[in-house]
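Report on one structure; see the data block that follows.
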Amino acid sequence: MVKYSLVGYDGSEASRRAFQFAVELARCSHGRVRVVSVLQVTEGGADACALMMTDTGTERVQELLQELTAIVPDAAGLIDVELTLGSPGDVLLSQIEQHGVDHIVIGHTERGALARWLLGSVSGNVLARAHVPVTVVR
């Protein structure tokens, strides 16, 4: 039985659907959901620079929690939220051992072959490297 699901959340429609799915699964299995929003550090990236200028990003975490509870109003008691810096695939995979995650839920965004080649695919990366079950929500 799934007890602790991890959702990579970036505010996209695909990640919203993944979050909703994970919350419903948690309700059915009496589990919890860990929501991780990863700011990818790129040269000149405004979001990452802004986060690094604050001590902990506490304000952004609160905004993220509000955004998530707007999607699923009664989910606050089921979720843990983290905002972090790094490469999304690597961060999600590192969460497995750090937090005892036993399932990953990720959203799938339709991209063309060129975009996948240039930007990579977080879902593909996680699917290839995860040692826990992964659900890709379309």
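So you can find residues: chains in the structure tokens are A, B, ... in the order shown, residues in each start at 1, and ligands are numbered from 1 in order.
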Within 9 Å of Ala22 (chain A) using only C-alpha atoms, minus same-chain residues under 3 positions, as a ChimeraX atom specification: /A:5-7,17-19,25-27,32-33,104-105
I need the residues from that last selection saved to file as a compact mmCIF listing (two decimals), in the first residue's frame (with N, CA, C and O atoms), if you can.
```txt
# COMPACT_ATOMS: atom_id res chain seq x y z
N SER A 5 3.51 9.48 -1.00
CA SER A 5 3.73 9.80 -2.42
C SER A 5 4.45 11.14 -2.54
O SER A 5 4.24 12.04 -1.74
N LEU A 6 5.25 11.22 -3.57
CA LEU A 6 5.99 12.45 -3.89
C LEU A 6 5.44 13.02 -5.18
O LEU A 6 5.27 12.29 -6.16
N VAL A 7 5.18 14.32 -5.20
CA VAL A 7 4.73 15.00 -6.41
C VAL A 7 5.69 16.13 -6.71
O VAL A 7 5.97 16.97 -5.84
N ARG A 17 -2.71 18.25 -12.10
CA ARG A 17 -3.41 16.96 -12.20
C ARG A 17 -2.68 15.89 -11.39
O ARG A 17 -3.32 15.07 -10.74
N ALA A 18 -1.36 15.90 -11.42
CA ALA A 18 -0.58 14.93 -10.64
C ALA A 18 -0.84 15.13 -9.15
O ALA A 18 -1.01 14.16 -8.41
N PHE A 19 -0.88 16.38 -8.71
CA PHE A 19 -1.15 16.67 -7.32
C PHE A 19 -2.54 16.16 -6.90
O PHE A 19 -2.70 15.51 -5.87
N LEU A 25 -5.20 9.46 -4.00
CA LEU A 25 -4.54 8.20 -3.64
C LEU A 25 -4.24 8.18 -2.14
O LEU A 25 -4.45 7.16 -1.46
N ALA A 26 -3.75 9.28 -1.60
CA ALA A 26 -3.46 9.37 -0.17
C ALA A 26 -4.72 9.17 0.67
O ALA A 26 -4.68 8.51 1.71
N ARG A 27 -5.80 9.73 0.21
CA ARG A 27 -7.06 9.55 0.94
C ARG A 27 -7.46 8.08 0.97
O ARG A 27 -7.90 7.58 2.00
N ARG A 32 0.13 10.06 2.91
CA ARG A 32 0.46 11.48 2.84
C ARG A 32 1.07 11.77 1.48
O ARG A 32 1.49 10.86 0.77
N VAL A 33 1.16 13.06 1.17
CA VAL A 33 1.74 13.52 -0.09
C VAL A 33 2.82 14.54 0.23
O VAL A 33 2.58 15.49 0.97
N ILE A 104 6.07 7.81 -6.55
CA ILE A 104 6.23 9.13 -7.17
C ILE A 104 5.09 9.35 -8.16
O ILE A 104 4.74 8.44 -8.93
N VAL A 105 4.53 10.54 -8.14
CA VAL A 105 3.50 10.94 -9.10
C VAL A 105 4.02 12.17 -9.83
O VAL A 105 4.37 13.16 -9.19
```
Residues near His131 (chain A), cut-off 10 Å, only C-alpha atoms, skip fewer than 6 positions along chain, as an NGL selection string: :A and (93 or 96 or 102-104)
Minimum-distance residue to Thr109 (chain A), chosen among A:Val126, A:Val38, A:Leu83, A:Val137 (using only C-alpha atoms):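 So, comparing all the options, the nearest one is A:Val137.
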Residues flagged helix (DSSP H, G or I) by DSSP in chain A, as a PyMOL selection string: chain A and resi 13-29+46-53+58-71+76-78+88-99+113-119+122-129
Residues near Gly107 (chain A), cut-off 8 Å, only C-alpha atoms, skip fewer than 4 positions along chain, as a VMD selection string: chain A and resid 8 14 to 18 123 136 to 138
Please produce a file of those selected residues containing N, CA, C and O atoms, as a PDB file, in the first residue's frame.
```
ATOM      1  N   GLY A   8       6.196  16.166  -7.933  1.00  0.00           N
ATOM      2  CA  GLY A   8       6.963  17.300  -8.411  1.00  0.00           C
ATOM      3  C   GLY A   8       5.977  18.336  -8.927  1.00  0.00           C
ATOM      4  O   GLY A   8       5.172  18.044  -9.805  1.00  0.00           O
ATOM      5  N   ALA A  14      -0.258  20.001 -15.898  1.00  0.00           N
ATOM      6  CA  ALA A  14       0.118  18.599 -15.691  1.00  0.00           C
ATOM      7  C   ALA A  14       0.472  18.335 -14.226  1.00  0.00           C
ATOM      8  O   ALA A  14       0.083  17.314 -13.657  1.00  0.00           O
ATOM      9  N   SER A  15       1.200  19.255 -13.590  1.00  0.00           N
ATOM     10  CA  SER A  15       1.566  19.042 -12.186  1.00  0.00           C
ATOM     11  C   SER A  15       0.346  19.215 -11.275  1.00  0.00           C
ATOM     12  O   SER A  15       0.257  18.564 -10.234  1.00  0.00           O
ATOM     13  N   ARG A  16      -0.594  20.034 -11.669  1.00  0.00           N
ATOM     14  CA  ARG A  16      -1.836  20.163 -10.891  1.00  0.00           C
ATOM     15  C   ARG A  16      -2.618  18.863 -10.914  1.00  0.00           C
ATOM     16  O   ARG A  16      -3.131  18.420  -9.887  1.00  0.00           O
ATOM     17  N   ARG A  17      -2.707  18.253 -12.096  1.00  0.00           N
ATOM     18  CA  ARG A  17      -3.406  16.964 -12.205  1.00  0.00           C
ATOM     19  C   ARG A  17      -2.684  15.890 -11.390  1.00  0.00           C
ATOM     20  O   ARG A  17      -3.317  15.069 -10.736  1.00  0.00           O
ATOM     21  N   ALA A  18      -1.357  15.902 -11.424  1.00  0.00           N
ATOM     22  CA  ALA A  18      -0.582  14.934 -10.645  1.00  0.00           C
ATOM     23  C   ALA A  18      -0.842  15.132  -9.152  1.00  0.00           C
ATOM     24  O   ALA A  18      -1.012  14.156  -8.406  1.00  0.00           O
ATOM     25  N   SER A 123      10.021  13.629 -16.432  1.00  0.00           N
ATOM     26  CA  SER A 123       9.325  12.354 -16.249  1.00  0.00           C
ATOM     27  C   SER A 123      10.155  11.197 -16.788  1.00  0.00           C
ATOM     28  O   SER A 123      10.247  10.147 -16.154  1.00  0.00           O
ATOM     29  N   VAL A 136       2.696   8.313 -13.967  1.00  0.00           N
ATOM     30  CA  VAL A 136       2.735   9.504 -14.806  1.00  0.00           C
ATOM     31  C   VAL A 136       1.291   9.854 -15.142  1.00  0.00           C
ATOM     32  O   VAL A 136       0.559   9.043 -15.720  1.00  0.00           O
ATOM     33  N   VAL A 137       0.886  11.059 -14.764  1.00  0.00           N
ATOM     34  CA  VAL A 137      -0.491  11.513 -14.967  1.00  0.00           C
ATOM     35  C   VAL A 137      -0.518  12.408 -16.194  1.00  0.00           C
ATOM     36  O   VAL A 137       0.253  13.367 -16.284  1.00  0.00           O
ATOM     37  N   ARG A 138      -1.397  12.088 -17.112  1.00  0.00           N
ATOM     38  CA  ARG A 138      -1.554  12.905 -18.320  1.00  0.00           C
ATOM     39  C   ARG A 138      -2.733  13.826 -18.193  1.00  0.00           C
ATOM     40  O   ARG A 138      -3.658  13.598 -17.533  1.00  0.00           O
TER      41      ARG A 138
END
```
Residue neighbourhood Asp80 (chain A), 9 Å, only C-alpha atoms, exclusion window fewer than 3 positions, as a ChimeraX atom specification: /A:32-36,65,76-77
Let me see the file: selected residues, N, CA and C atoms, as a CSV table (one decimal), in the first residue's frame.
```csv
chain,number,residue,atom,x,y,z
A,32,ARG,N,0.1,10.1,2.9
A,32,ARG,CA,0.5,11.5,2.8
A,32,ARG,C,1.1,11.8,1.5
A,33,VAL,N,1.2,13.1,1.2
A,33,VAL,CA,1.7,13.5,-0.1
A,33,VAL,C,2.8,14.5,0.2
A,34,ARG,N,4.0,14.3,-0.3
A,34,ARG,CA,5.1,15.3,-0.2
A,34,ARG,C,5.1,16.0,-1.6
A,35,VAL,N,4.9,17.4,-1.5
A,35,VAL,CA,4.9,18.2,-2.8
A,35,VAL,C,6.2,18.9,-2.8
A,36,VAL,N,7.0,18.8,-3.8
A,36,VAL,CA,8.3,19.4,-4.0
A,36,VAL,C,8.3,20.3,-5.2
A,65,LEU,N,1.7,26.6,-0.6
A,65,LEU,CA,0.7,25.9,0.1
A,65,LEU,C,-0.7,26.5,-0.2
A,76,ALA,N,-4.7,20.3,3.0
A,76,ALA,CA,-3.6,20.8,3.9
A,76,ALA,C,-3.2,19.8,4.9
A,77,GLY,N,-4.1,19.0,5.5
A,77,GLY,CA,-3.7,18.0,6.5
A,77,GLY,C,-3.0,16.8,5.9
```
Nearest-residue call for Val2 (chain A), choices A:Thr135, A:Gln40, A:Val61, A:Leu92, using only C-alpha atoms: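 Checking each candidate against Val2 (chain A), we get A:Thr135 as the closest.
CA of Asp90 (chain A) is positioned 14.9 Å from CA of Asp10 (chain A).
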Atom-to-atom span, CA of Asp74 (chain A) and CA of Met1 (chain A), Å: 22.2 Å
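Residue nearest Val134 (chain A) within the list A:Val122, A:Leu39, A:Ile79, A:Ile106: A:Ile106 [criterion: smallest interatomic distance, only C-alpha atoms].
Across the model, the gap from CA of Ser37 (chain A) to CA of Gln62 (chain A) is 12.2 Å.
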